[in-house]
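So this block is run.txt, compact mmCIF, C-alpha atoms:
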```txt
# COMPACT_ATOMS: atom_id res chain seq x y z
CA MET A 1 27.59 81.28 5.11
CA LYS A 2 31.20 82.48 4.70
CA ALA A 3 32.58 79.36 6.41
CA GLY A 4 30.43 77.14 4.19
CA ARG A 5 31.65 78.94 1.09
CA GLY A 6 35.26 78.60 2.25
CA LEU A 7 34.82 74.88 2.94
CA PHE A 8 33.15 74.29 -0.44
CA LEU A 9 35.93 76.15 -2.26
CA MET A 10 38.58 74.25 -0.29
CA VAL A 11 37.04 70.89 -1.29
CA LEU A 12 36.87 72.01 -4.91
CA ILE A 13 40.46 73.25 -4.93
CA LEU A 14 41.62 69.94 -3.43
CA SER A 15 39.59 68.04 -6.04
CA ALA A 16 41.05 70.12 -8.86
CA ALA A 17 44.65 70.18 -7.66
CA GLY A 18 44.76 66.70 -6.04
CA PRO A 19 45.28 64.68 -9.24
CA LEU A 20 47.92 67.18 -10.42
CA TYR A 21 49.73 66.80 -7.10
CA LEU A 22 49.63 63.01 -7.58
CA LEU A 23 51.06 63.38 -11.09
CA LEU A 24 54.03 65.34 -9.70
CA LYS A 25 54.33 63.10 -6.64
CA VAL A 26 54.48 59.92 -8.74
CA SER A 27 57.12 61.50 -10.99
CA VAL A 28 59.51 61.95 -8.04
CA SER A 29 58.63 58.82 -6.05
CA PRO A 30 60.36 55.44 -6.29
CA PRO A 31 58.07 52.59 -7.50
CA ALA A 32 57.99 51.09 -3.99
CA GLU A 33 56.02 54.15 -2.83
CA VAL A 34 53.47 54.04 -5.62
CA MET A 35 52.83 50.51 -6.82
CA THR A 36 51.83 49.12 -3.43
CA PRO A 37 48.49 48.26 -1.81
CA HIS A 38 48.97 51.28 0.46
CA PRO A 39 50.63 54.04 -1.58
CA LEU A 40 52.08 56.92 0.44
CA LEU A 41 50.27 60.22 0.09
CA LEU A 42 53.34 62.38 0.78
CA PRO A 43 56.70 61.90 -0.97
CA HIS A 44 59.11 60.23 1.45
CA ALA A 45 62.06 59.17 -0.69
CA VAL A 46 62.35 61.74 -3.48
CA THR A 47 64.11 60.57 -6.61
CA TRP A 48 64.87 62.60 -9.72
CA ARG A 49 65.90 59.63 -11.83
CA PHE A 50 62.71 59.60 -13.93
CA TRP A 51 63.13 63.31 -14.70
CA GLU A 52 66.77 62.71 -15.60
CA ARG A 53 65.76 59.81 -17.81
CA VAL A 54 63.29 62.00 -19.67
CA LEU A 55 65.64 64.96 -20.04
CA THR A 56 68.70 62.93 -21.04
CA SER A 57 66.98 60.36 -23.25
CA GLY A 58 67.61 62.46 -26.35
CA GLN A 59 64.03 61.88 -27.46
CA ILE A 60 62.47 64.86 -25.72
CA THR A 61 64.01 67.64 -27.85
CA ALA A 62 61.99 67.18 -31.04
CA PRO A 63 58.53 66.84 -29.39
CA LEU A 64 59.38 69.64 -26.95
CA TRP A 65 60.26 72.09 -29.73
CA LYS A 66 57.20 71.08 -31.73
CA SER A 67 54.86 71.65 -28.78
CA LEU A 68 56.63 74.82 -27.72
CA GLY A 69 56.72 76.17 -31.26
CA VAL A 70 53.06 75.50 -32.06
CA ALA A 71 51.78 76.69 -28.66
CA SER A 72 53.92 79.85 -28.66
CA GLY A 73 52.98 80.60 -32.26
CA VAL A 74 49.26 80.27 -31.53
CA ALA A 75 49.57 82.37 -28.36
CA LEU A 76 51.49 85.13 -30.17
CA LEU A 77 49.01 85.12 -33.06
CA ALA A 78 46.08 85.33 -30.64
CA LEU A 79 47.71 88.25 -28.81
CA ARG A 80 48.41 90.02 -32.07
CA LEU A 81 44.81 89.56 -33.26
CA LEU A 82 43.50 90.68 -29.88
CA ARG A 83 45.55 93.87 -29.98
CA GLU A 84 44.36 94.64 -33.49
CA ARG A 85 40.65 93.89 -32.93
CA VAL A 86 40.02 95.31 -29.46
CA PRO A 87 39.44 99.08 -29.51
CA GLU A 88 41.92 101.21 -27.55
CA SER A 89 39.23 102.26 -25.08
CA HIS A 90 38.51 98.62 -24.07
CA ARG A 91 42.13 97.63 -23.42
CA MET B 1 38.97 35.63 -33.30
CA LEU B 2 36.33 32.91 -33.84
CA ARG B 3 33.23 32.71 -35.95
CA SER B 4 30.29 31.04 -34.25
CA LYS B 5 27.60 29.06 -36.08
CA ASP B 6 25.19 31.96 -36.33
CA ALA B 7 27.95 33.96 -37.99
CA SER B 8 28.18 36.45 -35.13
CA ILE B 9 31.78 37.36 -34.54
CA VAL B 10 33.08 36.40 -31.15
CA SER B 11 36.11 38.08 -29.69
CA ARG B 12 38.86 36.25 -27.81
CA SER B 13 37.38 37.23 -24.47
CA GLY B 14 34.16 35.57 -25.51
CA THR B 15 32.15 38.78 -25.81
CA SER B 16 29.98 38.93 -28.87
CA ARG B 17 30.91 41.96 -30.97
CA HIS B 18 27.27 42.32 -31.88
CA SER B 19 26.23 42.59 -28.26
CA VAL B 20 29.03 45.11 -27.75
CA ALA B 21 27.84 47.05 -30.78
CA VAL B 22 24.29 47.15 -29.45
CA SER B 23 25.49 48.42 -26.09
CA VAL B 24 27.85 50.96 -27.62
CA PRO B 25 25.30 53.75 -28.31
CA VAL B 26 24.03 53.45 -24.74
CA ALA B 27 27.36 54.44 -23.24
CA PRO B 28 27.57 57.98 -24.71
CA VAL B 29 24.00 58.63 -23.63
CA MET B 30 24.90 57.54 -20.12
CA PHE B 31 27.94 59.83 -20.21
CA VAL B 32 25.84 62.76 -21.38
CA ALA B 33 23.24 62.04 -18.71
CA CYS B 34 25.96 61.84 -16.06
CA MET B 35 27.61 65.02 -17.27
CA ALA B 36 24.36 66.95 -17.56
CA GLY B 37 22.99 65.81 -14.24
CA VAL B 38 26.07 65.57 -12.07
CA GLY B 39 28.34 68.10 -13.63
CA ARG B 40 26.34 71.25 -14.12
CA SER B 41 24.67 71.91 -10.78
CA PRO B 42 27.88 72.04 -8.69
CA THR B 43 29.55 74.01 -11.48
CA LEU B 44 26.73 76.56 -11.38
CA VAL B 45 27.17 76.89 -7.62
CA LEU B 46 30.91 77.18 -8.13
CA ALA B 47 30.55 79.84 -10.83
CA HIS B 48 28.11 81.70 -8.59
CA LEU B 49 30.63 81.63 -5.74
CA LEU B 50 33.48 82.75 -7.97
CA ALA B 51 31.45 85.59 -9.44
CA GLY B 52 31.38 87.28 -6.03
CA ARG B 53 34.37 89.17 -4.66
CA PHE B 54 36.56 87.57 -1.99
CA ARG B 55 40.20 87.46 -0.92
CA GLY B 56 42.42 85.28 -3.12
CA GLN B 57 39.80 85.19 -5.89
CA GLY B 58 42.40 85.28 -8.69
CA LEU B 59 44.43 82.43 -7.20
CA VAL B 60 41.34 80.26 -6.66
CA ARG B 61 40.22 80.85 -10.25
CA VAL B 62 43.67 79.91 -11.59
CA LEU B 63 43.82 76.75 -9.43
CA LEU B 64 40.38 75.66 -10.59
CA LEU B 65 41.25 76.31 -14.24
CA ILE B 66 44.44 74.22 -14.29
CA PRO B 67 42.77 70.87 -15.19
CA LEU B 68 41.55 72.49 -18.43
CA GLY B 69 45.17 72.69 -19.60
CA VAL B 70 45.91 69.02 -19.00
CA PRO B 71 45.87 66.89 -22.18
CA THR B 72 43.14 64.21 -22.06
CA ILE B 73 45.56 61.30 -22.27
CA VAL B 74 47.62 62.75 -19.40
CA ALA B 75 44.40 63.24 -17.41
CA ALA B 76 43.53 59.58 -18.06
CA SER B 77 46.99 58.45 -16.88
CA THR B 78 46.66 60.62 -13.79
CA MET B 79 43.21 59.22 -13.06
CA ARG B 80 44.65 55.71 -13.15
CA TYR B 81 46.69 56.67 -10.08
CA VAL B 82 43.48 57.83 -8.43
CA PHE B 83 41.05 55.08 -9.44
CA GLY B 84 43.39 52.09 -9.75
CA MET B 85 43.01 49.08 -7.45
CA VAL B 86 46.17 50.24 -5.64
CA GLY B 87 45.24 53.84 -6.31
CA TYR B 88 45.04 56.83 -4.06
CA LEU B 89 41.25 57.00 -3.77
CA ASN B 90 41.14 53.52 -2.24
CA GLU B 91 44.00 54.50 0.06
CA VAL B 92 42.28 57.71 1.23
CA LEU B 93 38.99 55.85 1.84
CA TYR B 94 40.91 53.10 3.68
CA ARG B 95 42.66 55.64 5.91
CA LEU B 96 39.34 57.32 6.64
CA GLY B 97 38.02 53.92 7.73
CA LEU B 98 35.37 53.87 5.00
CA LEU B 99 36.52 50.61 3.40
CA THR B 100 38.60 47.59 4.30
CA LEU B 101 39.07 46.01 0.87
CA PRO B 102 40.02 47.98 -2.24
CA ILE B 103 37.30 48.72 -4.78
CA ASP B 104 37.88 48.03 -8.46
CA TRP B 105 36.54 51.37 -9.72
CA THR B 106 36.63 50.26 -13.33
CA GLY B 107 35.58 46.65 -12.73
CA SER B 108 31.83 46.73 -13.38
CA ARG B 109 30.16 48.64 -16.17
CA TRP B 110 28.16 51.11 -14.07
CA LEU B 111 31.06 51.81 -11.77
CA ALA B 112 33.31 52.29 -14.81
CA VAL B 113 30.80 54.75 -16.33
CA GLY B 114 30.73 56.69 -13.07
CA THR B 115 34.52 56.68 -12.85
CA VAL B 116 34.97 57.93 -16.41
CA ALA B 117 32.24 60.54 -15.84
CA LEU B 118 34.03 61.79 -12.72
CA ALA B 119 37.39 61.85 -14.49
CA ASP B 120 35.85 63.73 -17.42
CA ALA B 121 34.09 66.14 -15.06
CA TRP B 122 37.43 66.88 -13.39
CA LYS B 123 38.92 67.84 -16.73
CA VAL B 124 36.10 69.90 -18.22
CA THR B 125 34.44 71.51 -15.19
CA PRO B 126 36.69 74.59 -15.67
CA LEU B 127 35.33 75.07 -19.19
CA VAL B 128 31.71 75.02 -18.01
CA MET B 129 32.73 77.23 -15.09
CA LEU B 130 34.21 79.79 -17.50
CA ILE B 131 31.05 79.83 -19.63
CA LEU B 132 28.78 80.22 -16.60
CA LEU B 133 31.07 82.78 -15.01
CA ALA B 134 30.94 84.90 -18.17
CA GLY B 135 27.13 84.55 -18.15
CA LEU B 136 26.92 85.55 -14.49
CA GLN B 137 29.13 88.59 -14.93
CA ALA B 138 26.96 89.79 -17.80
CA ILE B 139 23.91 90.08 -15.52
CA PRO B 140 23.44 93.76 -14.57
CA ARG B 141 24.07 94.40 -10.85
CA GLU B 142 21.21 96.89 -10.81
CA LEU B 143 18.71 94.02 -11.04
CA TYR B 144 19.97 92.57 -7.78
CA GLU B 145 19.94 95.99 -6.11
CA ALA B 146 16.35 96.53 -7.23
CA ALA B 147 15.37 93.03 -6.00
CA ARG B 148 17.01 93.69 -2.61
CA THR B 149 15.14 96.97 -2.36
CA ASP B 150 11.91 95.07 -2.99
CA GLY B 151 12.80 92.67 -0.17
CA ALA B 152 13.95 89.64 -2.19
CA GLY B 153 16.26 87.22 -0.36
CA PRO B 154 19.31 85.47 -1.85
CA TRP B 155 17.30 82.42 -2.96
CA GLN B 156 14.62 84.51 -4.60
CA GLN B 157 17.31 86.54 -6.37
CA PHE B 158 18.90 83.31 -7.58
CA TRP B 159 15.66 81.71 -8.85
CA ARG B 160 14.09 84.84 -10.31
CA ILE B 161 17.10 86.75 -11.67
CA THR B 162 20.22 84.62 -11.93
CA LEU B 163 18.77 81.41 -13.31
CA PRO B 164 16.47 82.94 -15.98
CA LEU B 165 19.19 85.33 -17.21
CA LEU B 166 21.76 82.55 -17.18
CA ARG B 167 19.73 80.35 -19.53
CA PRO B 168 21.70 81.29 -22.69
CA ALA B 169 24.99 80.44 -20.93
CA LEU B 170 23.50 77.21 -19.54
CA THR B 171 22.28 76.26 -23.01
CA MET B 172 25.71 76.87 -24.49
CA ALA B 173 27.36 74.92 -21.68
CA PHE B 174 24.97 72.02 -22.18
CA ILE B 175 25.51 71.92 -25.94
CA ILE B 176 29.29 72.16 -25.74
CA ARG B 177 29.51 69.60 -22.93
CA GLY B 178 26.87 67.36 -24.52
CA VAL B 179 28.73 67.21 -27.82
CA ASP B 180 32.00 66.76 -25.95
CA ALA B 181 30.58 63.89 -23.91
CA PHE B 182 29.37 62.13 -27.05
CA ARG B 183 32.83 62.49 -28.60
CA ILE B 184 34.60 61.07 -25.55
CA PHE B 185 37.39 58.77 -26.70
CA ALA B 186 40.80 58.80 -25.01
CA LEU B 187 39.54 58.85 -21.44
CA PRO B 188 37.52 55.59 -21.45
CA LEU B 189 40.10 53.89 -23.67
CA ALA B 190 43.06 54.80 -21.44
CA LEU B 191 41.24 54.55 -18.10
CA VAL B 192 39.09 51.45 -18.55
CA GLY B 193 40.39 49.89 -21.75
CA ARG B 194 38.05 48.06 -24.08
CA HIS B 195 35.71 46.91 -21.32
CA LEU B 196 33.72 50.13 -21.69
CA PRO B 197 33.15 50.58 -25.41
CA VAL B 198 31.69 53.88 -26.59
CA LEU B 199 30.96 54.68 -30.23
CA SER B 200 34.24 56.48 -30.85
CA THR B 201 36.36 53.69 -29.33
CA PHE B 202 34.24 51.15 -31.19
CA ALA B 203 34.95 52.98 -34.47
CA TYR B 204 38.65 53.08 -33.60
CA VAL B 205 38.86 49.37 -32.78
CA GLU B 206 36.87 48.42 -35.87
CA TYR B 207 39.18 50.42 -38.13
CA LEU B 208 42.56 49.67 -36.59
CA GLU B 209 42.17 46.21 -35.09
CA TYR B 210 39.59 44.53 -37.30
CA GLY B 211 40.53 46.43 -40.47
CA ASN B 212 36.91 47.27 -41.17
CA PRO B 213 36.67 50.90 -42.34
CA HIS B 214 33.01 50.49 -43.36
CA THR B 215 31.78 49.53 -39.88
CA SER B 216 34.00 52.24 -38.46
CA ALA B 217 32.52 54.84 -40.81
CA ALA B 218 28.96 53.64 -40.06
CA SER B 219 29.45 53.90 -36.30
CA SER B 220 31.09 57.32 -36.67
CA ALA B 221 28.14 58.49 -38.77
CA LEU B 222 25.78 57.11 -36.12
CA LEU B 223 27.64 59.12 -33.52
CA LEU B 224 27.26 62.26 -35.62
CA VAL B 225 23.52 61.61 -36.04
CA MET B 226 23.15 61.16 -32.27
CA ILE B 227 24.96 64.44 -31.62
CA VAL B 228 22.86 66.35 -34.16
CA MET B 229 19.63 64.84 -32.80
CA THR B 230 20.53 65.64 -29.19
CA VAL B 231 21.53 69.22 -29.95
CA GLY B 232 18.43 69.65 -32.12
CA ALA B 233 16.15 68.25 -29.41
CA TYR B 234 17.73 70.46 -26.77
CA LEU B 235 17.46 73.57 -28.92
CA ARG B 236 13.82 72.72 -29.57
CA LEU B 237 13.18 72.33 -25.87
CA ALA B 238 15.26 75.25 -24.65
CA GLY B 239 14.57 77.53 -27.60
CA SER B 240 17.22 78.37 -30.19
CA GLU B 241 16.92 82.09 -29.35
CA GLU B 242 18.81 81.27 -26.16
CA VAL B 243 21.91 80.53 -28.22
CA VAL B 244 21.44 83.43 -30.60
CA ARG B 245 21.07 85.87 -27.69
```

For the structure just supplied, provide its representation as structure tokens.
Amino acid sequence: MKAGRGLFLMVLILSAAGPLYLLLKVSVSPPAEVMTPHPLLLPHAVTWRFWERVLTSGQITAPLWKSLGVASGVALLALRLLRERVPESHR
Amino acid sequence: MLRSKDASIVSRSGTSRHSVAVSVPVAPVMFVACMAGVGRSPTLVLAHLLAGRFRGQGLVRVLLLIPLGVPTIVAASTMRYVFGMVGYLNEVLYRLGLLTLPIDWTGSRWLAVGTVALADAWKVTPLVMLILLAGLQAIPRELYEAARTDGAGPWQQFWRITLPLLRPALTMAFIIRGVDAFRIFALPLALVGRHLPVLSTFAYVEYLEYGNPHTSAASSALLLVMIVMTVGAYLRLAGSEEVVR
């Protein structure tokens, strides 16, 4: 029963994290590793040039600050409301 | 764009827009059916597993919740790496010896529906899991202790305690996911393109590409009616007190 539960959870974790791993893997892989009939599952030749391109393009600053500002603002507001609404005994 | 003799508008690919329009309402229903049938049962099992105590529980919960934070359009781009002709799913199946030629996962309509349903399930399973987990943790432990004392096994406990007391959470999960599945937009558009029209993408294409706000508004209203009817029918079947509870 325990082994079955462990196996089921492992499959689910791989299913949940697999696409995210691929997202990161593709971001550091040269096109020859990705756009082929047999793409490599592990990164062999790591390249940071796509990250550099994003960070040095000069176009990331405005959207980054907008996203960061809105998300941080909402998170802070939610925390503030939570602290005000939840009774001391439940914290 | 051409106009045929019977005045039906034919797109460049030769597909009649009328036939597309007729098929459009079917797609969301198929999505909802896929989501309701395929998505909930494993999620219930998952929530049940996560409700128990085990080592690394916090880490597992965090890992399983991550897809919820991924924007839909990013999820669609990511799923293109998975389900593309030269994607990783074909590669994994090839390495396992399960196929020799790559499968076009978005090539035929039914396969495309399944692919989009799987991609959508990947993104929203954590939400359903959270709802069911909250429902599971609200069930008093004493009920299980009493059932064990009376000699009930794990299956009996599940069928006679967990499932009945989880009905409000299941109803909420169904309604939220049902409405969400009807509203699906970015995932089919980015993953399959216009080969798999659903009402929301149809409304989008009508407005932006054909410059027809009236058809767009009509199809959007139709989508709203479908959502209201589905939620109404489900509440009638499941009982609205389940939601109020």

Put the listed atoms of stretch 112-119 of chain B in a box along x, y and z with 5 Å added on every side and give me the centre and edge lengths in Å to one decimal, as JSON.
```
{"center_x": 34.1, "center_y": 57.1, "center_z": -14.6, "size_x": 16.7, "size_y": 19.6, "size_z": 13.7}
```

Practice item. Could you please tell me, as a ChimeraX atom specification, which residues of chain B have an atom within 7 Å of chain A when using all atoms listed in the file? Key: /B:63-64,67,78-79,86,88,91,122

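Picture a line from atom CA of A:Phe50 to atom CA of A:Ser27; it runs 6.6 Å.
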
Point to revise | Point-to-point distance in Å for atom CA of B:Tyr81 and atom CA of A:Glu33 | key: 12.1 Å

Check your understanding: How many Å lie between atom CA of B:Leu224 and atom CA of B:Thr72, rounded to one decimal?
Key ->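 Taking atom CA of B:Leu224 and atom CA of B:Thr72, their separation equals 21.0 Å.
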
Point to revise | Nearest candidate to A:Lys25 (options A:Gly4, A:Gly73, A:Pro43, A:Gly58; using only C-alpha atoms) | key: A:Pro43

Practice item. Between B:Tyr234, B:Asp150, B:Phe158, B:Pro71, single out the one closest to B:Ala186, counting only C-alpha atoms. Key: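 Residue with the minimum atom-to-atom distance to B:Ala186: B:Pro71.
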
Residue rebuild result stretch 71-87 of chain B, N, CA and C atoms as a compact mmCIF listing (two decimals), in the coordinates of the input:
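Output saved as result_10.txt:
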```
# COMPACT_ATOMS: atom_id res chain seq x y z
N PRO B 71 46.32 67.70 -21.04
CA PRO B 71 45.87 66.89 -22.18
C PRO B 71 45.06 65.68 -21.69
N THR B 72 44.07 65.27 -22.49
CA THR B 72 43.14 64.21 -22.06
C THR B 72 43.88 62.93 -21.71
N ILE B 73 44.87 62.57 -22.50
CA ILE B 73 45.56 61.30 -22.27
C ILE B 73 46.37 61.37 -20.97
N VAL B 74 46.89 62.57 -20.67
CA VAL B 74 47.62 62.75 -19.40
C VAL B 74 46.62 62.68 -18.24
N ALA B 75 45.44 63.30 -18.45
CA ALA B 75 44.40 63.24 -17.41
C ALA B 75 44.01 61.79 -17.15
N ALA B 76 43.90 61.00 -18.22
CA ALA B 76 43.53 59.58 -18.06
C ALA B 76 44.61 58.83 -17.28
N SER B 77 45.89 59.11 -17.61
CA SER B 77 46.99 58.45 -16.88
C SER B 77 46.95 58.85 -15.41
N THR B 78 46.71 60.13 -15.17
CA THR B 78 46.66 60.62 -13.79
C THR B 78 45.51 59.95 -13.04
N MET B 79 44.37 59.82 -13.71
CA MET B 79 43.21 59.22 -13.06
C MET B 79 43.41 57.74 -12.76
N ARG B 80 44.33 57.12 -13.48
CA ARG B 80 44.65 55.71 -13.15
C ARG B 80 45.33 55.62 -11.79
N TYR B 81 46.11 56.66 -11.43
CA TYR B 81 46.69 56.67 -10.08
C TYR B 81 45.60 56.83 -9.03
N VAL B 82 44.56 57.57 -9.39
CA VAL B 82 43.48 57.83 -8.43
C VAL B 82 42.56 56.62 -8.31
N PHE B 83 42.10 56.10 -9.46
CA PHE B 83 41.05 55.08 -9.44
C PHE B 83 41.56 53.65 -9.58
N GLY B 84 42.85 53.44 -9.63
CA GLY B 84 43.39 52.09 -9.75
C GLY B 84 43.11 51.27 -8.49
N MET B 85 43.24 49.95 -8.61
CA MET B 85 43.01 49.08 -7.45
C MET B 85 43.96 49.44 -6.30
N VAL B 86 45.23 49.78 -6.67
CA VAL B 86 46.17 50.24 -5.64
C VAL B 86 46.33 51.76 -5.75
N GLY B 87 45.21 52.39 -6.09
CA GLY B 87 45.24 53.84 -6.31
C GLY B 87 45.03 54.64 -5.04
```
